[in-house]
Amino acid sequence: MATPFIKPRVPRGMRDILPEQMIRRQYVIGVIRDVFEEFGFEPLQTPALELSEVLTGKYGPDAEKLIYQAGHVGGKEDISLRYDLSVPLCRVVAMHPQLPKPFKRYQIDPVWRAERPQKGRYRQFFQCDADTVGSESMLADAENVNLIYQVLSRLGFKQFEININDRKLITGIGQFAGVPTEHLGGLYRSIDKLDKIGLVGVRNELAENQIPEPVIEKLLTLLEIEGDAATVLNALSEQLGDSEVAREGISELEELTGYLTTLGVPEDFYQINVAMVRGLEYYTGPIYETVVEEPKIGSITGGGRYDELIGSFSKQGYPATGTSFGIERIIDVMEEFDMFPSTVAKTVTQVLVTVFDAELAQESLKLATLLRQSGIRTEVYCRPTRLSTQIKYADTKSIPYAVILGSDELEAGKVAIRNLANREQQIVPREKFVEHIQGWIDE
């Protein structure tokens with residue numbers, strides 16, 4: 001009986017990443033990793049699967065609906081695919097209290113969320129996180145913002161904005177406006193939509209959520225405050241000075257932005273945005289989120305301070321703060337605007353060694369070995385066939401150089417090397433061919 005045909009496909013929100021795309025992805029990850037390590041963050045890896053009890057109760061009821069349950073027949077543990085990298089980090093810190101503090105770690109790994117797929121949003125995607133555990137200083141938060149600025153600048157982003165707010169300030173705004181506690185969640189969700197629906201839309205939505213008109217007017221007055229960081233914070237201080245929690249948030253933001261000035265982060269790239277409300281419930285202090293003007297793809301980084309989350313795993317709590325880069329969206333933007341440098345090739349292979357015929361296959365392998373020993377990434381065509389077929393293969397893969405060894409070259413102790421971009425070909429002594437190719441590569 002014939003095996004039934006299975007239509008090849010992947011689940012919704014998942015995708016294959018083919019070699020050319022992977023090379024671009026590895027370039028972006030490499031830049032991010034380099035900056036992380038430049039700032040003193042060290043690598044960490046955690047399992048893709050976590051006990052469900054580790055993940056639940058950390059993200060809010062709406063987010064927890066998106067956690068993928070996992071398991072196997074007969075399994076005795078309730079496990080789930082990780083939703084983010086921050087909660088697993090907190091578990092690690094609780095399990096390994098001997099880690100020196102501050103503990104600075106980065107992790108670049110996939111996470112899974114059962115969200116509705118759309119442009120820049122997938123159900124399996126990579127996060128690139130850098131977090132500092134054990135420091136309550138706003139300097140750690142300023143370093144996060146500086147990290148964002150450095151990564152995006154090095155990737156070639158020219159127009160982006162890091163929105164900065166503070167959960168304490170948001171709480172103070174709710175108290176100032178006199179919003180009943182039971183309506184605060186709706187208030188924050190409405191404010192967070194300001195960029196999408198405008199002030200009129202926020203006003204209408206607040207009214208629909210039964211927020212009284214005088215309260216709405218107070219809120220809109222705060223949302224209309226504009227200017228540089230100092231101007232915004234001074235205006236908020238005048239309006240919210242009677243709220244202790246708001247004063248704490250304003251003080252934290254003043255300290256944070258002061259450090260940004262010292263670090264040399266241009267204010268053109270960040271702003272205090274009181275309408276930015278990140279959704280995860282575990283944030284306790286400064287929060288930050290980066291958007292690009294074009295395309296409208298949503299945030300490309302997000303993060304903030306979460307001083308109480310580790311305490312849910314251990315009696316010994318630690319202050320913590322971090323930021324996360326959404327690499328899928330970053331790559332989508334870079335591809336749409338052709339931001340990848342020309343040095344990012346379409347293939348990892350630098351040289352194709354052709355196989356002229358079966359009798360010369362071993363000689364071709366010897367040439368490939370010499371190239372590889374010199375650190376040149378080399379592919380050998382795996383079967384003898386017409387030279388034109390082999391060169392066409394190299395062109396299709398955008399391999400820049402080819403090595404050709406026929407019987408005439410072998411007898412003369414020479415090798416033919418060809419630049420496939422301009423079709424220049426040279427016949428060089430065998431003992432010099434690696435040097436010649438390295439010269440081409442270094443040009």
# chains A, B, ... in the order shown; residues from 1 in each chain; ligands from 1
call {"tool": "residues_around", "arguments": {"residues": "region 229-240 of chain A", "least_positions_apart": "5", "cutoff": "12 Å", "atoms": "only C-alpha atoms", "output": "JSON, numbers by chain"}}
result
{"A": [162, 163, 164, 165, 166, 168, 169, 170, 171, 172, 173, 174, 175, 176, 177, 218, 219, 221, 222, 223, 224, 245, 246, 247, 248, 249, 250, 251, 252, 253, 254, 255, 256, 257, 258, 260, 261, 266, 267, 268, 269, 270, 271, 272, 273, 274]}
call {"tool": "write_last_selection", "arguments": {"atoms": "N, CA and C atoms", "output": "short mmCIF file (atom, residue, chain, number, x, y, z; two decimals), in the first residue's frame"}}
result
data_model
loop_
_atom_site.label_atom_id
_atom_site.label_comp_id
_atom_site.auth_asym_id
_atom_site.auth_seq_id
_atom_site.Cartn_x
_atom_site.Cartn_y
_atom_site.Cartn_z
N ILE A 162 12.87 56.00 21.08
CA ILE A 162 12.75 55.19 22.30
C ILE A 162 11.80 55.93 23.24
N ASN A 163 10.61 55.39 23.41
CA ASN A 163 9.64 55.98 24.32
C ASN A 163 9.91 55.49 25.74
N ILE A 164 9.97 56.41 26.69
CA ILE A 164 10.29 56.07 28.06
C ILE A 164 9.16 56.55 28.97
N ASN A 165 8.75 55.70 29.89
CA ASN A 165 7.75 56.06 30.88
C ASN A 165 8.09 55.35 32.18
N ASP A 166 7.24 55.44 33.17
CA ASP A 166 7.47 54.79 34.46
C ASP A 166 6.13 54.30 35.00
N LYS A 168 5.24 53.79 37.95
CA LYS A 168 4.84 54.57 39.11
C LYS A 168 4.16 55.87 38.67
N LEU A 169 4.67 56.45 37.61
CA LEU A 169 4.06 57.66 37.07
C LEU A 169 2.65 57.35 36.53
N ILE A 170 2.52 56.22 35.88
CA ILE A 170 1.20 55.82 35.35
C ILE A 170 0.20 55.65 36.48
N THR A 171 0.65 54.98 37.55
CA THR A 171 -0.22 54.82 38.72
C THR A 171 -0.62 56.17 39.29
N GLY A 172 0.37 57.09 39.37
CA GLY A 172 0.10 58.42 39.90
C GLY A 172 -0.90 59.18 39.04
N ILE A 173 -0.82 59.00 37.73
CA ILE A 173 -1.76 59.67 36.83
C ILE A 173 -3.19 59.18 37.10
N GLY A 174 -3.33 57.86 37.31
CA GLY A 174 -4.64 57.31 37.62
C GLY A 174 -5.18 57.88 38.92
N GLN A 175 -4.32 57.97 39.92
CA GLN A 175 -4.75 58.53 41.20
C GLN A 175 -5.10 60.01 41.07
N PHE A 176 -4.28 60.75 40.34
CA PHE A 176 -4.52 62.18 40.12
C PHE A 176 -5.88 62.42 39.47
N ALA A 177 -6.20 61.58 38.47
CA ALA A 177 -7.44 61.76 37.74
C ALA A 177 -8.65 61.29 38.53
N LYS A 218 -8.92 65.86 32.83
CA LYS A 218 -7.64 65.87 33.55
C LYS A 218 -6.60 65.01 32.82
N LEU A 219 -7.05 63.83 32.39
CA LEU A 219 -6.13 62.90 31.72
C LEU A 219 -5.63 63.48 30.41
N THR A 221 -5.32 66.51 29.51
CA THR A 221 -4.38 67.59 29.76
C THR A 221 -2.96 67.05 29.93
N LEU A 222 -2.83 65.93 30.64
CA LEU A 222 -1.51 65.32 30.84
C LEU A 222 -0.98 64.72 29.54
N LEU A 223 -1.86 64.09 28.76
CA LEU A 223 -1.43 63.44 27.53
C LEU A 223 -0.99 64.44 26.47
N GLU A 224 -1.40 65.69 26.60
CA GLU A 224 -1.05 66.70 25.61
C GLU A 224 0.29 67.38 25.90
N VAL A 245 3.48 58.54 44.72
CA VAL A 245 3.96 57.54 43.78
C VAL A 245 4.36 58.19 42.46
N ALA A 246 3.63 59.23 42.04
CA ALA A 246 4.01 59.95 40.82
C ALA A 246 5.34 60.65 40.99
N ARG A 247 5.57 61.25 42.17
CA ARG A 247 6.86 61.90 42.44
C ARG A 247 8.00 60.91 42.35
N GLU A 248 7.77 59.69 42.84
CA GLU A 248 8.81 58.66 42.75
C GLU A 248 9.13 58.35 41.29
N GLY A 249 8.08 58.20 40.48
CA GLY A 249 8.29 57.92 39.06
C GLY A 249 9.01 59.04 38.35
N ILE A 250 8.61 60.28 38.64
CA ILE A 250 9.26 61.43 38.02
C ILE A 250 10.72 61.51 38.43
N SER A 251 11.00 61.26 39.70
CA SER A 251 12.39 61.29 40.19
C SER A 251 13.24 60.23 39.48
N GLU A 252 12.67 59.03 39.31
CA GLU A 252 13.41 57.98 38.61
C GLU A 252 13.71 58.39 37.17
N LEU A 253 12.75 58.99 36.50
CA LEU A 253 12.95 59.39 35.11
C LEU A 253 13.94 60.54 35.00
N GLU A 254 13.95 61.45 35.98
CA GLU A 254 14.93 62.53 35.98
C GLU A 254 16.35 61.97 36.13
N GLU A 255 16.51 61.00 37.03
CA GLU A 255 17.82 60.38 37.22
C GLU A 255 18.24 59.62 35.96
N LEU A 256 17.30 58.86 35.38
CA LEU A 256 17.60 58.07 34.19
C LEU A 256 18.03 58.97 33.04
N THR A 257 17.26 60.02 32.75
CA THR A 257 17.59 60.89 31.61
C THR A 257 18.87 61.68 31.87
N GLY A 258 19.18 61.95 33.14
CA GLY A 258 20.46 62.59 33.45
C GLY A 258 21.63 61.70 33.06
N LEU A 260 21.50 59.43 30.73
CA LEU A 260 21.53 59.36 29.26
C LEU A 260 22.33 60.51 28.67
N THR A 261 22.19 61.69 29.28
CA THR A 261 22.97 62.84 28.82
C THR A 261 24.45 62.58 29.00
N PRO A 266 21.82 60.81 22.13
CA PRO A 266 21.16 62.04 21.64
C PRO A 266 19.67 62.04 21.98
N GLU A 267 19.18 63.17 22.44
CA GLU A 267 17.77 63.25 22.83
C GLU A 267 16.85 63.17 21.62
N ASP A 268 17.40 63.33 20.43
CA ASP A 268 16.59 63.15 19.22
C ASP A 268 16.01 61.74 19.14
N PHE A 269 16.64 60.80 19.87
CA PHE A 269 16.24 59.40 19.74
C PHE A 269 15.43 58.88 20.92
N TYR A 270 15.10 59.73 21.89
CA TYR A 270 14.27 59.26 22.99
C TYR A 270 13.37 60.38 23.47
N GLN A 271 12.27 60.00 24.10
CA GLN A 271 11.34 60.99 24.66
C GLN A 271 10.60 60.38 25.83
N ILE A 272 10.14 61.25 26.75
CA ILE A 272 9.24 60.82 27.81
C ILE A 272 7.84 60.79 27.23
N ASN A 273 7.22 59.63 27.25
CA ASN A 273 5.90 59.44 26.63
C ASN A 273 4.96 58.86 27.69
N VAL A 274 4.13 59.73 28.29
CA VAL A 274 3.26 59.27 29.37
C VAL A 274 2.14 58.38 28.88
#
call {"tool": "closest_atom_pairs", "arguments": {"of": "region 127-164 of chain A", "to": "region 26-41 of chain A", "cutoff": "12 Å", "atoms": "only C-alpha atoms", "output": "tab-separated table"}}
result
residue	atom	partner	partner_atom	distance
A:Gln127	CA	A:Ile29	CA	10.0
A:Cys128	CA	A:Ile32	CA	7.7
A:Asp129	CA	A:Phe36	CA	8.9
A:Ala130	CA	A:Phe41	CA	6.8
A:Asp131	CA	A:Phe41	CA	7.8
A:Thr132	CA	A:Phe41	CA	8.2
A:Val133	CA	A:Phe41	CA	11.0
A:Ala140	CA	A:Phe39	CA	10.9
A:Glu143	CA	A:Phe39	CA	8.3
A:Asn144	CA	A:Phe39	CA	9.6
A:Val145	CA	A:Phe39	CA	11.9
A:Asn146	CA	A:Phe39	CA	9.7
A:Leu147	CA	A:Val35	CA	7.3
A:Ile148	CA	A:Ile32	CA	9.4
A:Tyr149	CA	A:Val35	CA	10.4
A:Gln150	CA	A:Val35	CA	7.3
A:Val151	CA	A:Ile32	CA	5.9
A:Leu152	CA	A:Ile32	CA	8.8
A:Ser153	CA	A:Val31	CA	10.4
A:Arg154	CA	A:Val31	CA	7.4
A:Leu155	CA	A:Val28	CA	7.2
A:Gly156	CA	A:Val28	CA	10.7
call {"tool": "write_last_selection", "arguments": {"atoms": "N, CA and C atoms", "output": "JSON list (two decimals), in the first residue's frame"}}
result
[["chain", "number", "residue", "atom", "x", "y", "z"],
["A", 127, "GLN", "N", 13.85, 36.29, 20.62],
["A", 127, "GLN", "CA", 14.07, 37.47, 21.44],
["A", 127, "GLN", "C", 15.55, 37.57, 21.76],
["A", 128, "CYS", "N", 16.03, 38.78, 21.82],
["A", 128, "CYS", "CA", 17.42, 39.06, 22.18],
["A", 128, "CYS", "C", 17.36, 39.94, 23.43],
["A", 129, "ASP", "N", 17.57, 39.34, 24.60],
["A", 129, "ASP", "CA", 17.37, 40.01, 25.87],
["A", 129, "ASP", "C", 18.69, 40.29, 26.58],
["A", 130, "ALA", "N", 18.76, 41.44, 27.22],
["A", 130, "ALA", "CA", 19.87, 41.76, 28.12],
["A", 130, "ALA", "C", 19.26, 42.28, 29.42],
["A", 131, "ASP", "N", 19.64, 41.69, 30.55],
["A", 131, "ASP", "CA", 19.05, 42.05, 31.84],
["A", 131, "ASP", "C", 20.13, 42.19, 32.90],
["A", 132, "THR", "N", 19.85, 43.07, 33.87],
["A", 132, "THR", "CA", 20.72, 43.26, 35.03],
["A", 132, "THR", "C", 19.92, 42.95, 36.28],
["A", 133, "VAL", "N", 20.39, 42.00, 37.07],
["A", 133, "VAL", "CA", 19.72, 41.59, 38.30],
["A", 133, "VAL", "C", 20.59, 42.02, 39.49],
["A", 140, "ALA", "N", 21.37, 51.38, 35.74],
["A", 140, "ALA", "CA", 21.14, 50.14, 35.01],
["A", 140, "ALA", "C", 20.08, 50.34, 33.93],
["A", 143, "GLU", "N", 21.58, 52.34, 31.10],
["A", 143, "GLU", "CA", 22.41, 51.47, 30.27],
["A", 143, "GLU", "C", 21.54, 50.69, 29.28],
["A", 144, "ASN", "N", 20.34, 50.29, 29.70],
["A", 144, "ASN", "CA", 19.44, 49.60, 28.78],
["A", 144, "ASN", "C", 19.07, 50.49, 27.59],
["A", 145, "VAL", "N", 18.73, 51.73, 27.88],
["A", 145, "VAL", "CA", 18.37, 52.66, 26.81],
["A", 145, "VAL", "C", 19.57, 52.92, 25.90],
["A", 146, "ASN", "N", 20.74, 53.09, 26.49],
["A", 146, "ASN", "CA", 21.96, 53.26, 25.70],
["A", 146, "ASN", "C", 22.23, 52.04, 24.84],
["A", 147, "LEU", "N", 21.99, 50.86, 25.39],
["A", 147, "LEU", "CA", 22.15, 49.62, 24.65],
["A", 147, "LEU", "C", 21.26, 49.61, 23.41],
["A", 148, "ILE", "N", 20.01, 50.01, 23.59],
["A", 148, "ILE", "CA", 19.07, 50.08, 22.46],
["A", 148, "ILE", "C", 19.60, 51.03, 21.39],
["A", 149, "TYR", "N", 20.03, 52.21, 21.83],
["A", 149, "TYR", "CA", 20.54, 53.20, 20.89],
["A", 149, "TYR", "C", 21.74, 52.67, 20.12],
["A", 150, "GLN", "N", 22.68, 52.04, 20.83],
["A", 150, "GLN", "CA", 23.89, 51.55, 20.18],
["A", 150, "GLN", "C", 23.58, 50.44, 19.17],
["A", 151, "VAL", "N", 22.74, 49.48, 19.54],
["A", 151, "VAL", "CA", 22.41, 48.37, 18.64],
["A", 151, "VAL", "C", 21.75, 48.89, 17.37],
["A", 152, "LEU", "N", 20.71, 49.70, 17.51],
["A", 152, "LEU", "CA", 19.97, 50.16, 16.34],
["A", 152, "LEU", "C", 20.82, 51.07, 15.46],
["A", 153, "SER", "N", 21.66, 51.88, 16.07],
["A", 153, "SER", "CA", 22.55, 52.74, 15.28],
["A", 153, "SER", "C", 23.52, 51.91, 14.47],
["A", 154, "ARG", "N", 24.08, 50.87, 15.08],
["A", 154, "ARG", "CA", 25.07, 50.04, 14.37],
["A", 154, "ARG", "C", 24.41, 49.20, 13.27],
["A", 155, "LEU", "N", 23.13, 48.92, 13.42],
["A", 155, "LEU", "CA", 22.41, 48.19, 12.37],
["A", 155, "LEU", "C", 21.98, 49.11, 11.23],
["A", 156, "GLY", "N", 22.19, 50.41, 11.39],
["A", 156, "GLY", "CA", 21.89, 51.34, 10.30],
["A", 156, "GLY", "C", 20.57, 52.07, 10.43]]
call {"tool": "atom_distance", "arguments": {"atom1": "CA of Leu405 (chain A)", "atom2": "CA of Leu367 (chain A)"}}
result
9.0 Å
call {"tool": "select_by_dssp", "arguments": {"residues": "region 294-358 of chain A", "states": "strand (DSSP E)", "output": "MDAnalysis selection string"}}
result
chainID A and resid 299:305 320:326 351:353
call {"tool": "closest_residue", "arguments": {"among": "A:Cys382, A:Leu85, A:Val111, A:Val348", "to": "Thr323 (chain A)", "atoms": "only C-alpha atoms"}}
result
A:Leu85
call {"tool": "closest_atom_pairs", "arguments": {"of": "region 203-309 of chain A", "to": "region 87-101 of chain A", "cutoff": "12 Å", "atoms": "only C-alpha atoms", "output": "tab-separated table"}}
result
residue	atom	partner	partner_atom	distance
A:Leu280	CA	A:Val87	CA	11.3
A:Tyr282	CA	A:Val87	CA	9.7
A:Tyr283	CA	A:Val87	CA	11.9
A:Tyr306	CA	A:Cys90	CA	10.0
A:Asp307	CA	A:Cys90	CA	10.5
A:Glu308	CA	A:Cys90	CA	9.9
A:Leu309	CA	A:Cys90	CA	6.9
call {"tool": "closest_residue", "arguments": {"among": "A:Thr354, A:Ser312, A:Thr369, A:Gln438", "to": "Pro384 (chain A)", "atoms": "only C-alpha atoms"}}
result
A:Thr354
call {"tool": "atom_distance", "arguments": {"atom1": "CA of Ala63 (chain A)", "atom2": "CA of Arg123 (chain A)"}}
result
13.0 Å
call {"tool": "atom_distance", "arguments": {"atom1": "CA of Arg430 (chain A)", "atom2": "CA of Gln373 (chain A)"}}
result
15.1 Å
call {"tool": "residues_around", "arguments": {"residues": "Ile391 (chain A)", "least_positions_apart": "4", "cutoff": "12 Å", "atoms": "only C-alpha atoms", "output": "VMD selection string"}}
result
chain A and resid 351 to 356 380 to 381 385 to 387 395 to 404 417 to 421 423
call {"tool": "closest_residue", "arguments": {"among": "A:Lys346, A:Arg12, A:Arg383, A:Arg82", "to": "Arg24 (chain A)", "atoms": "only C-alpha atoms"}}
result
A:Lys346
